[in-house]
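**Q** One file is attached below, run.txt, containing compact mmCIF, C-alpha atoms.
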# COMPACT_ATOMS: atom_id res chain seq x y z
CA MET A 959 25.53 12.95 -19.34
CA ASP A 960 27.88 13.32 -16.43
CA SER A 961 29.23 9.85 -15.77
CA SER A 962 30.53 10.89 -12.36
CA GLU A 963 26.98 10.93 -11.02
CA SER A 964 25.39 7.61 -10.22
CA LEU A 965 21.81 6.81 -11.13
CA GLN A 966 19.56 7.10 -8.10
CA ILE A 967 15.97 6.11 -7.64
CA LYS A 968 14.72 8.66 -5.19
CA PRO A 969 11.91 8.09 -2.74
CA ARG A 970 8.80 10.20 -2.95
CA PRO A 971 9.09 13.34 -0.83
CA LEU A 972 5.27 13.49 -0.60
CA THR A 973 2.58 10.94 0.11
CA LEU A 974 1.03 11.93 -3.20
CA ARG A 975 0.62 9.10 -5.73
CA GLU A 976 0.55 9.32 -9.52
CA TYR A 977 -3.11 8.36 -9.73
CA ASP A 978 -4.00 11.08 -7.20
CA LEU A 979 -3.02 13.68 -9.80
CA LYS A 980 -5.44 14.86 -12.43
CA LEU A 981 -3.60 16.00 -15.53
CA ILE A 982 -5.31 18.72 -17.53
CA ILE A 983 -3.98 18.76 -21.07
CA GLU A 984 -4.54 22.06 -22.82
CA LYS A 985 -3.46 23.46 -26.12
CA VAL A 986 -0.83 26.17 -25.91
CA VAL A 987 -2.68 28.14 -28.58
CA ASP A 988 -6.31 27.23 -29.26
CA PHE A 989 -7.04 28.72 -32.67
CA LYS A 990 -10.72 27.65 -32.57
CA SER A 991 -11.24 29.57 -29.34
CA PHE A 992 -9.57 32.68 -30.78
CA ALA A 993 -11.72 32.48 -33.94
CA ALA A 994 -14.91 32.03 -31.88
CA ASN A 995 -14.03 35.25 -30.05
CA GLY A 996 -13.42 37.27 -33.21
CA TYR A 997 -9.66 36.80 -33.59
CA PRO A 998 -8.98 34.63 -36.64
CA LEU A 999 -5.26 34.13 -35.98
CA ARG A 1000 -4.86 30.85 -37.86
CA GLU A 1001 -4.73 32.55 -41.28
CA HIS A 1002 -1.89 34.85 -40.17
CA PHE A 1003 0.28 31.95 -39.01
CA GLU A 1004 -0.63 29.78 -42.00
CA ALA A 1005 0.48 32.61 -44.34
CA GLN A 1006 3.86 32.62 -42.60
CA ASP A 1007 4.09 28.80 -42.71
CA LEU A 1008 4.29 28.62 -38.90
CA MET A 1009 1.58 26.03 -38.24
CA LYS A 1010 4.19 23.26 -37.84
CA PHE A 1011 5.54 25.18 -34.86
CA PHE A 1012 2.11 25.24 -33.22
CA ASP A 1013 1.59 21.57 -34.05
CA PHE A 1014 4.80 20.92 -32.12
CA LEU A 1015 3.67 23.04 -29.14
CA ASN A 1016 0.24 21.42 -29.11
CA GLY A 1017 1.82 17.99 -29.65
CA PRO A 1018 1.54 14.90 -27.51
CA THR A 1019 1.61 14.99 -23.73
CA TYR A 1020 2.92 11.99 -21.84
CA PRO A 1021 0.92 11.68 -18.60
CA PHE A 1022 3.06 9.04 -16.85
CA PRO A 1023 6.36 10.97 -17.01
CA VAL A 1024 4.61 14.23 -16.08
CA LYS A 1025 2.91 12.68 -13.04
CA ASP A 1026 6.06 10.79 -12.02
CA PHE A 1027 8.04 14.01 -12.18
CA TRP A 1028 5.72 15.91 -9.86
CA VAL A 1029 5.30 13.19 -7.20
CA ARG A 1030 9.07 12.71 -6.93
CA ALA A 1031 10.34 16.23 -7.60
CA GLU A 1032 12.43 17.98 -4.99
CA VAL A 1033 12.13 21.72 -4.50
CA ASN A 1034 15.36 23.40 -3.46
CA ASP A 1035 14.60 26.93 -2.32
CA GLU A 1036 15.93 29.39 0.27
CA HIS A 1037 14.41 27.38 3.13
CA VAL A 1038 16.10 24.17 1.99
CA ALA A 1039 19.42 25.99 1.52
CA LEU A 1040 19.24 27.42 5.06
CA ALA A 1041 18.30 24.02 6.48
CA GLU A 1042 21.33 22.48 4.74
CA GLU A 1043 23.57 25.12 6.30
CA ARG A 1044 22.03 24.63 9.78
CA ASN A 1045 22.45 20.86 9.46
CA ALA A 1046 26.09 21.23 8.41
CA VAL A 1047 26.79 23.52 11.40
CA GLU A 1048 24.99 21.11 13.78
CA ASN A 1049 27.24 18.29 12.55
CA ASP A 1050 30.42 20.39 12.69
CA LYS A 1051 30.44 23.51 14.92
CA ASN A 1052 33.63 24.72 13.15
CA LEU A 1053 31.52 25.51 10.06
CA LYS A 1054 29.63 28.30 11.82
CA GLY A 1055 30.02 31.55 9.86
CA LYS A 1056 31.51 29.78 6.81
CA THR A 1057 30.25 30.14 3.25
CA ARG A 1058 28.35 27.37 1.49
CA ASP A 1059 31.46 26.66 -0.56
CA GLU A 1060 33.56 26.34 2.59
CA MET A 1061 30.91 23.95 3.97
CA SER A 1062 31.23 21.82 0.78
CA LEU A 1063 27.62 22.61 -0.12
CA LYS A 1064 26.42 23.40 -3.63
CA GLU A 1065 26.05 27.11 -4.34
CA PHE A 1066 22.49 28.40 -4.01
CA LYS A 1067 21.40 30.98 -6.60
CA ASP A 1068 17.81 30.26 -7.59
CA THR A 1069 14.96 27.99 -6.62
CA LYS A 1070 15.21 24.71 -8.51
CA ILE A 1071 12.76 21.88 -8.95
CA ARG A 1072 14.71 18.69 -9.60
CA HIS A 1073 14.00 15.11 -10.55
CA SER A 1074 15.74 12.32 -12.40
CA PHE A 1075 13.63 10.39 -14.90
CA MET A 1076 14.93 7.40 -16.86
CA GLY A 1077 18.52 8.47 -16.18
CA PHE A 1078 18.03 12.09 -17.24
CA ASN A 1079 18.41 14.83 -14.68
CA ILE A 1080 15.64 17.39 -15.10
CA THR A 1081 15.87 20.82 -13.49
CA ILE A 1082 13.35 23.65 -13.63
CA THR A 1083 14.94 26.88 -12.44
CA ILE A 1084 12.81 29.67 -11.01
CA LEU A 1085 14.76 32.90 -11.36
CA HIS A 1086 14.46 35.44 -8.57
CA ASN A 1087 14.26 39.11 -9.48
Once more with this new file: its structure as structure tokens, please.

**A**
Amino acid sequence: MDSSESLQIKPRPLTLREYDLKLIIEKVVDFKSFAANGYPLREHFEAQDLMKFFDFLNGPTYPFPVKDFWVRAEVNDEHVALAEERNAVENDKNLKGKTRDEMSLKEFKDTKIRHSFMGFNITITILHN
């Protein structure tokens, strides 16, 4: 953990509430479905002793943290980055034409979905091609 960052409880960016969300829990690999459709994959993975891996993937899902993440997550994309730059220039006209670094703004590379849960910073990065 980076001790230079203070723990923040962020407000919800949306009016969405946890109980408004319906969580659909699916198995990553549903061996019964494959077998029913003529693809008996289970035997192949059992022979390679890989079923523990699939047990891990199909393991428990924790609805409260998942719902809390999505109602409080912030999406930082190109639009947010441009709005930050516009806001910085509106507050200080001398920043016009400067780089994000020169404006003391974090570098923008990829879209990120961010949230802090129980003191852990969680970031999902969406890479642009």

**Q** So how many Å separate atom CA of A:Ala1039 and atom CA of A:Phe1066, to one decimal?

**A**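 Atom-to-atom, atom CA of A:Ala1039 to atom CA of A:Phe1066, that is 6.8 Å.
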
**Q** May I ask for the distance between atom CA of A:Ala994 and atom CA of A:Pro1021, given in Å to one decimal place?

**A**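 Atom-to-atom, atom CA of A:Ala994 to atom CA of A:Pro1021, that is 29.0 Å.
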
**Q** Go ahead and compute the interatomic distance for atom CA of A:Gly1017 and atom CA of A:Arg1000, in Å to one decimal.

**A**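 Result for atom CA of A:Gly1017 versus atom CA of A:Arg1000: 16.7 Å, one decimal.
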
**Q** Considering only C-alpha atoms, can you say which of A:Leu999, A:Met1009, A:Ile1082, A:Leu1015 comes closest to A:Val986?

**A**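 Checking each of A:Leu999, A:Met1009, A:Ile1082, A:Leu1015 against A:Val986, counting only C-alpha atoms, the winner is A:Leu1015.
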
**Q** Using only C-alpha atoms, which residues sit within 12 Å of A:Gly1055 once same-chain residues fewer than 5 positions away are excluded, as a ChimeraX atom specification?

**A** /A:1043-1044,1046-1047,1050,1060-1061

**Q** Between A:Arg975, A:Lys1051, A:Lys985, A:Lys1067, which residue has the minimum interatomic distance to A:Asn1034, considering all atoms listed in the file?

**A** A:Lys1067

**Q** With all atoms listed in the file as the atoms that count, which of A:Lys1070, A:Ile982, A:Phe1078, A:Leu1008 lies nearest to A:Tyr1020?

**A**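 For A:Tyr1020, the nearest of the candidates is A:Ile982.
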
**Q** Between A:Leu1053, A:Phe1012, A:Thr1019, A:Ala1005, single out the one closest to A:Ile983, counting all atoms listed in the file.

**A**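 Selected residue with least distance to A:Ile983: A:Thr1019.
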
**Q** For A:Ala1041, which of A:Lys980, A:Lys1025, A:Arg1058, A:Lys990 is the closest residue, counting all atoms listed in the file?

**A**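 Checking each of A:Lys980, A:Lys1025, A:Arg1058, A:Lys990 against A:Ala1041, counting all atoms listed in the file, the winner is A:Arg1058.
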
**Q** A:Leu981, A:Val987, A:Leu1063, A:Ala1031: which is nearest A:Ile1080, counting all atoms listed in the file?

**A**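 Nearest candidate to A:Ile1080 out of A:Leu981, A:Val987, A:Leu1063, A:Ala1031: A:Ala1031.
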
**Q** Let me have the centre and edge lengths in Å, one decimal, of the box along x, y and z around every listed atom of stretch 995-1011 of chain A with 5 Å of margin on each side, as AutoDock Vina command-line options.

**A**
--center_x -4.2 --center_y 30.3 --center_z -37.2 --size_x 29.6 --size_y 24.0 --size_z 24.3
